[in-house]
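Colleague: Got a structure for you, written out below as structure tokens; questions coming shortly.
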Amino acid sequence: MGVNLLIRPAVDDDWAGLWPVWHEVIAAGETYPNDPATSSEAGKAMWFAPPPAFTWVAVDPDGQLVGTYQLRPNQRLLGDHVANAGFMVASRTRRQGIGRALGLHCLDSARGLGYRAMQFNAVVTTNIASLNLWRSLGFIIVGTVPRGFRHAVHGEVDMHIMHRFL
């Protein structure tokens, strides 16, 4: 499916179609530290944050929103040359290349915005698909936070910090 995706900047009207994907990922309590009971309004405020954050959506050939990512500086001021990003793919469309397409698009977008590197601060170690994807795209593990994430199923698990130069 990844070949047939349209990846474009998100607009306010996308939230209605994106909310089910965003809520599904957050409510699962397996990859993001957000409150599983986050409201649609609060979720939109976080995911559609103003620049320097930028949000993109992946749209399938039927016009359905099947994934998204948000790109932003990892730190402020003297650390704002390193990007950070968060990704979400609808569970019904996973393992179809959408995450890879979003990841590649994000790396290109980050380069285009002048970032020099990208860092993920909290890749949950039980998220094997993400770990494998990021490694295949050139990320390395630069640190581990022992038992840094309270997973809804597995309890306290480690989180990796991953990095790559652009």
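Chain identifiers are assigned as A, B, and so on, following the order in which chains appear in the structure tokens; residues are numbered from 1 within each chain, and ligands are numbered from 1 in order of appearance.
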What lies within 9 Å of Ala37 (chain A) using only C-alpha atoms, ignoring chain neighbours under 6 positions off, as a PyMOL selection string?

Modeller: chain A and resi 23+26-27

Colleague: Apply DSSP to the backbone of this structure and, from region 44-109 of chain A, keep only the residues in strand (DSSP E or B); write these as a PyMOL selection string.

Modeller: chain A and resi 54-59+65-73+82-89

Colleague: Just the residues within 12 Å of region 94-101 of chain A, please, counting only C-alpha atoms, with nothing from its chain fewer than 3 positions along; format it as a short mmCIF file (atom, residue, chain, number, x, y, z; two decimals) with C-alpha atoms, in the first residue's frame.

Modeller:
data_model
loop_
_atom_site.label_atom_id
_atom_site.label_comp_id
_atom_site.auth_asym_id
_atom_site.auth_seq_id
_atom_site.Cartn_x
_atom_site.Cartn_y
_atom_site.Cartn_z
CA MET A 1 0.00 0.00 0.00
CA GLY A 2 2.83 2.44 0.74
CA VAL A 3 3.34 3.10 -2.97
CA ASN A 4 -0.25 4.32 -3.40
CA LEU A 5 -0.24 6.72 -0.48
CA LEU A 6 -0.63 10.45 -0.65
CA ILE A 7 1.38 12.03 2.16
CA ARG A 8 0.47 15.68 2.60
CA VAL A 21 -6.34 6.56 14.52
CA VAL A 25 -2.89 4.40 19.39
CA TRP A 56 1.46 15.26 7.89
CA VAL A 57 -1.19 12.66 7.07
CA ALA A 58 -1.12 9.56 4.88
CA VAL A 59 -4.21 9.11 2.74
CA ASP A 60 -4.99 5.84 0.94
CA LEU A 65 -6.53 8.69 6.64
CA VAL A 66 -4.36 5.70 7.52
CA GLY A 67 -1.38 7.30 9.24
CA THR A 68 0.26 10.48 10.42
CA TYR A 69 3.42 11.95 11.79
CA GLY A 86 6.03 10.83 16.41
CA PHE A 87 4.25 8.39 14.10
CA MET A 88 0.88 6.64 14.12
CA VAL A 89 -0.58 4.08 11.70
CA ALA A 90 -4.13 2.71 11.88
CA SER A 91 -4.01 -0.86 13.19
CA LEU A 104 11.13 8.17 4.63
CA HIS A 105 8.91 11.19 4.02
CA CYS A 106 9.73 12.50 7.49
CA LEU A 107 13.48 12.16 6.96
CA ASP A 108 13.18 14.09 3.69
CA ALA A 129 8.06 -3.27 14.40
CA SER A 130 9.16 0.31 15.11
CA LEU A 131 12.58 -0.73 16.37
CA ASN A 132 13.16 -2.78 13.22
CA LEU A 133 11.90 0.01 10.96
CA TRP A 134 14.09 2.69 12.54
CA ARG A 135 17.16 0.45 12.46
CA SER A 136 16.54 -0.29 8.78
CA LEU A 137 16.42 3.48 8.15
#

Colleague: Find the residues around Pro50 (chain A) up to 12 Å (only C-alpha atoms counted), leave out those fewer than 3 positions away in its own chain, and share them as a PyMOL selection string.

Modeller: chain A and resi 10-12+44-47+53-55+70-72

Colleague: Find the spatial neighbours of Gly155 (chain A), counting only C-alpha atoms, within a cut-off of 12 Å - ignore same-chain residues fewer than 2 positions away - and output them as a list in words.

Modeller: Gly29, Glu30, Val124, Thr125, Thr126, Arg147, Gly148, Phe149, Arg150, His151, Ala152, Val153, Val157 and Asp158 of chain A

Colleague: Put those residues in a file: N, CA and C atoms, as a tab-separated table (two decimals), in the first residue's frame.

Modeller:
chain	number	residue	atom	x	y	z
A	29	GLY	N	-2.14	2.37	25.12
A	29	GLY	CA	-1.16	2.44	26.21
A	29	GLY	C	0.08	1.61	25.98
A	30	GLU	N	0.45	1.41	24.71
A	30	GLU	CA	1.59	0.55	24.38
A	30	GLU	C	2.79	1.29	23.80
A	124	VAL	N	9.59	2.42	22.72
A	124	VAL	CA	9.31	1.36	23.69
A	124	VAL	C	9.87	0.04	23.16
A	125	THR	N	10.60	-0.66	24.01
A	125	THR	CA	11.32	-1.86	23.56
A	125	THR	C	10.40	-3.00	23.12
A	126	THR	N	9.16	-2.99	23.53
A	126	THR	CA	8.23	-4.02	23.08
A	126	THR	C	7.66	-3.70	21.70
A	147	ARG	N	13.11	0.51	32.44
A	147	ARG	CA	11.75	0.51	32.99
A	147	ARG	C	11.12	1.91	32.94
A	148	GLY	N	11.37	2.63	31.85
A	148	GLY	CA	10.92	4.01	31.72
A	148	GLY	C	9.51	4.19	31.18
A	149	PHE	N	8.84	3.08	30.85
A	149	PHE	CA	7.49	3.18	30.28
A	149	PHE	C	6.59	2.15	30.95
A	150	ARG	N	5.41	2.61	31.37
A	150	ARG	CA	4.43	1.70	31.98
A	150	ARG	C	3.48	1.20	30.88
A	151	HIS	N	3.82	0.08	30.30
A	151	HIS	CA	3.08	-0.54	29.21
A	151	HIS	C	1.77	-1.13	29.73
A	152	ALA	N	0.70	-0.94	28.98
A	152	ALA	CA	-0.62	-1.40	29.41
A	152	ALA	C	-0.70	-2.91	29.57
A	153	VAL	N	0.11	-3.65	28.84
A	153	VAL	CA	0.07	-5.11	28.88
A	153	VAL	C	1.25	-5.69	29.64
A	157	VAL	N	8.54	-1.39	31.15
A	157	VAL	CA	9.48	-1.86	30.12
A	157	VAL	C	10.46	-0.73	29.81
A	158	ASP	N	11.56	-1.11	29.17
A	158	ASP	CA	12.58	-0.13	28.80
A	158	ASP	C	12.14	0.70	27.60

Colleague: If I take CA of Asp14 (chain A) and CA of Ser40 (chain A), how far is one from the other in Å, to one decimal?

Modeller: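 A separation of 12.5 Å between them.
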
Colleague: Identify, on the basis of only C-alpha atoms, every residue whose closest approach to Asp80 (chain A) does not exceed 12 Å; exclude the query and any residue fewer than 5 positions from it along the same chain; express the result as number ranges by chain.

Modeller: A: 52-53, 71-75, 110, 113-119

Colleague: For a test of reading the model, state the distance in Å between CA of Gly17 (chain A) and CA of Gln64 (chain A), rounded to one decimal.

Modeller: 7.4 Å
